[in-house]
Amino acid sequence: MTATLNSVVAEESDVTSDIDNNAVLKSQKQDNEPNAVENTNGSNQYICGVAVSLEIIGGKWKGVILWHLCHKTLRFSQLRRRLQGVTQKMLTQQLRELERDGLVNRKVYAEVPPRVEYSLTDLGRTLEPTLRQLCDWGRAYNDDYR
């Protein structure tokens, strides 16, 4: 079985000795991540910087969340009101992912009822110029093509 898998990899791509054959096979099976090669530890090693960026800030809500947090620190309910159509579950999930990736800071105050505020980290602030350019591009596209 291993010989068959290795021959498939050798036929489909130019495999060099420094690339793990299992990682190449796993990456070929990943339809949703064509620009990534899965390492033996389960993490992805990306070939394209755009793929990395979109994994971190891609999706329907993350960019908009980051955009609103560029302007000021917000509580969960304030964010939810600004994001028309987002569910509580989805907003919670997206905020947790952004926090995990080091872009958003979550501050919990020891009060009753508990108060939680979200703000951008220093790393998150580095996205401000990019988000501003995306906003400008989106407005121009909307004006010209819709």
# chains A, B, ... in the order shown; residues from 1 in each chain; ligands from 1
$ residues_around --residues "A:Glu99" --least-positions-apart "2" --cutoff "12 Å" --atoms "only C-alpha atoms" --output "VMD selection string"
chain A and resid 56 to 57 62 65 to 66 92 to 97 101 to 107 118 to 121 123 to 124
$ residues_around --residues "A:Leu79" --least-positions-apart "4" --cutoff "10 Å" --atoms "only C-alpha atoms" --output "MDAnalysis selection string"
chainID A and resid 64:65 68:69 73:75 83:84 86 91 117:118
$ select_by_dssp --residues "stretch 50-131 of chain A" --states "strand (DSSP E)" --output "CSV table (one decimal) with C-alpha atoms, in the first residue's frame"
chain,number,residue,atom,x,y,z
A,74,LEU,CA,-17.0,47.3,21.8
A,75,ARG,CA,-19.1,45.0,24.0
A,104,VAL,CA,-8.7,40.4,19.1
A,105,ASN,CA,-8.4,41.0,22.9
A,106,ARG,CA,-11.2,39.9,25.2
A,107,LYS,CA,-11.4,41.6,28.5
A,108,VAL,CA,-13.8,40.3,31.2
A,109,TYR,CA,-14.7,42.6,34.0
A,115,ARG,CA,-19.2,42.8,31.2
A,116,VAL,CA,-17.0,41.7,28.3
A,117,GLU,CA,-15.3,44.1,25.9
A,118,TYR,CA,-13.5,43.3,22.7
A,119,SER,CA,-10.7,45.3,21.2
A,120,LEU,CA,-7.9,44.9,18.6
$ atom_distance --atom1 "atom CA of A:Arg81" --atom2 "atom CA of A:Trp67"
14.2 Å
$ closest_residue --among "A:Ala110, A:Ala140, A:Leu98, A:Ile47" --to "A:Gly63" --atoms "only C-alpha atoms"
A:Leu98
$ atom_distance --atom1 "atom CA of A:Lys89" --atom2 "atom CA of A:Ser77"
12.5 Å
$ atom_distance --atom1 "atom CA of A:Tyr141" --atom2 "atom CA of A:Thr87"
27.4 Å
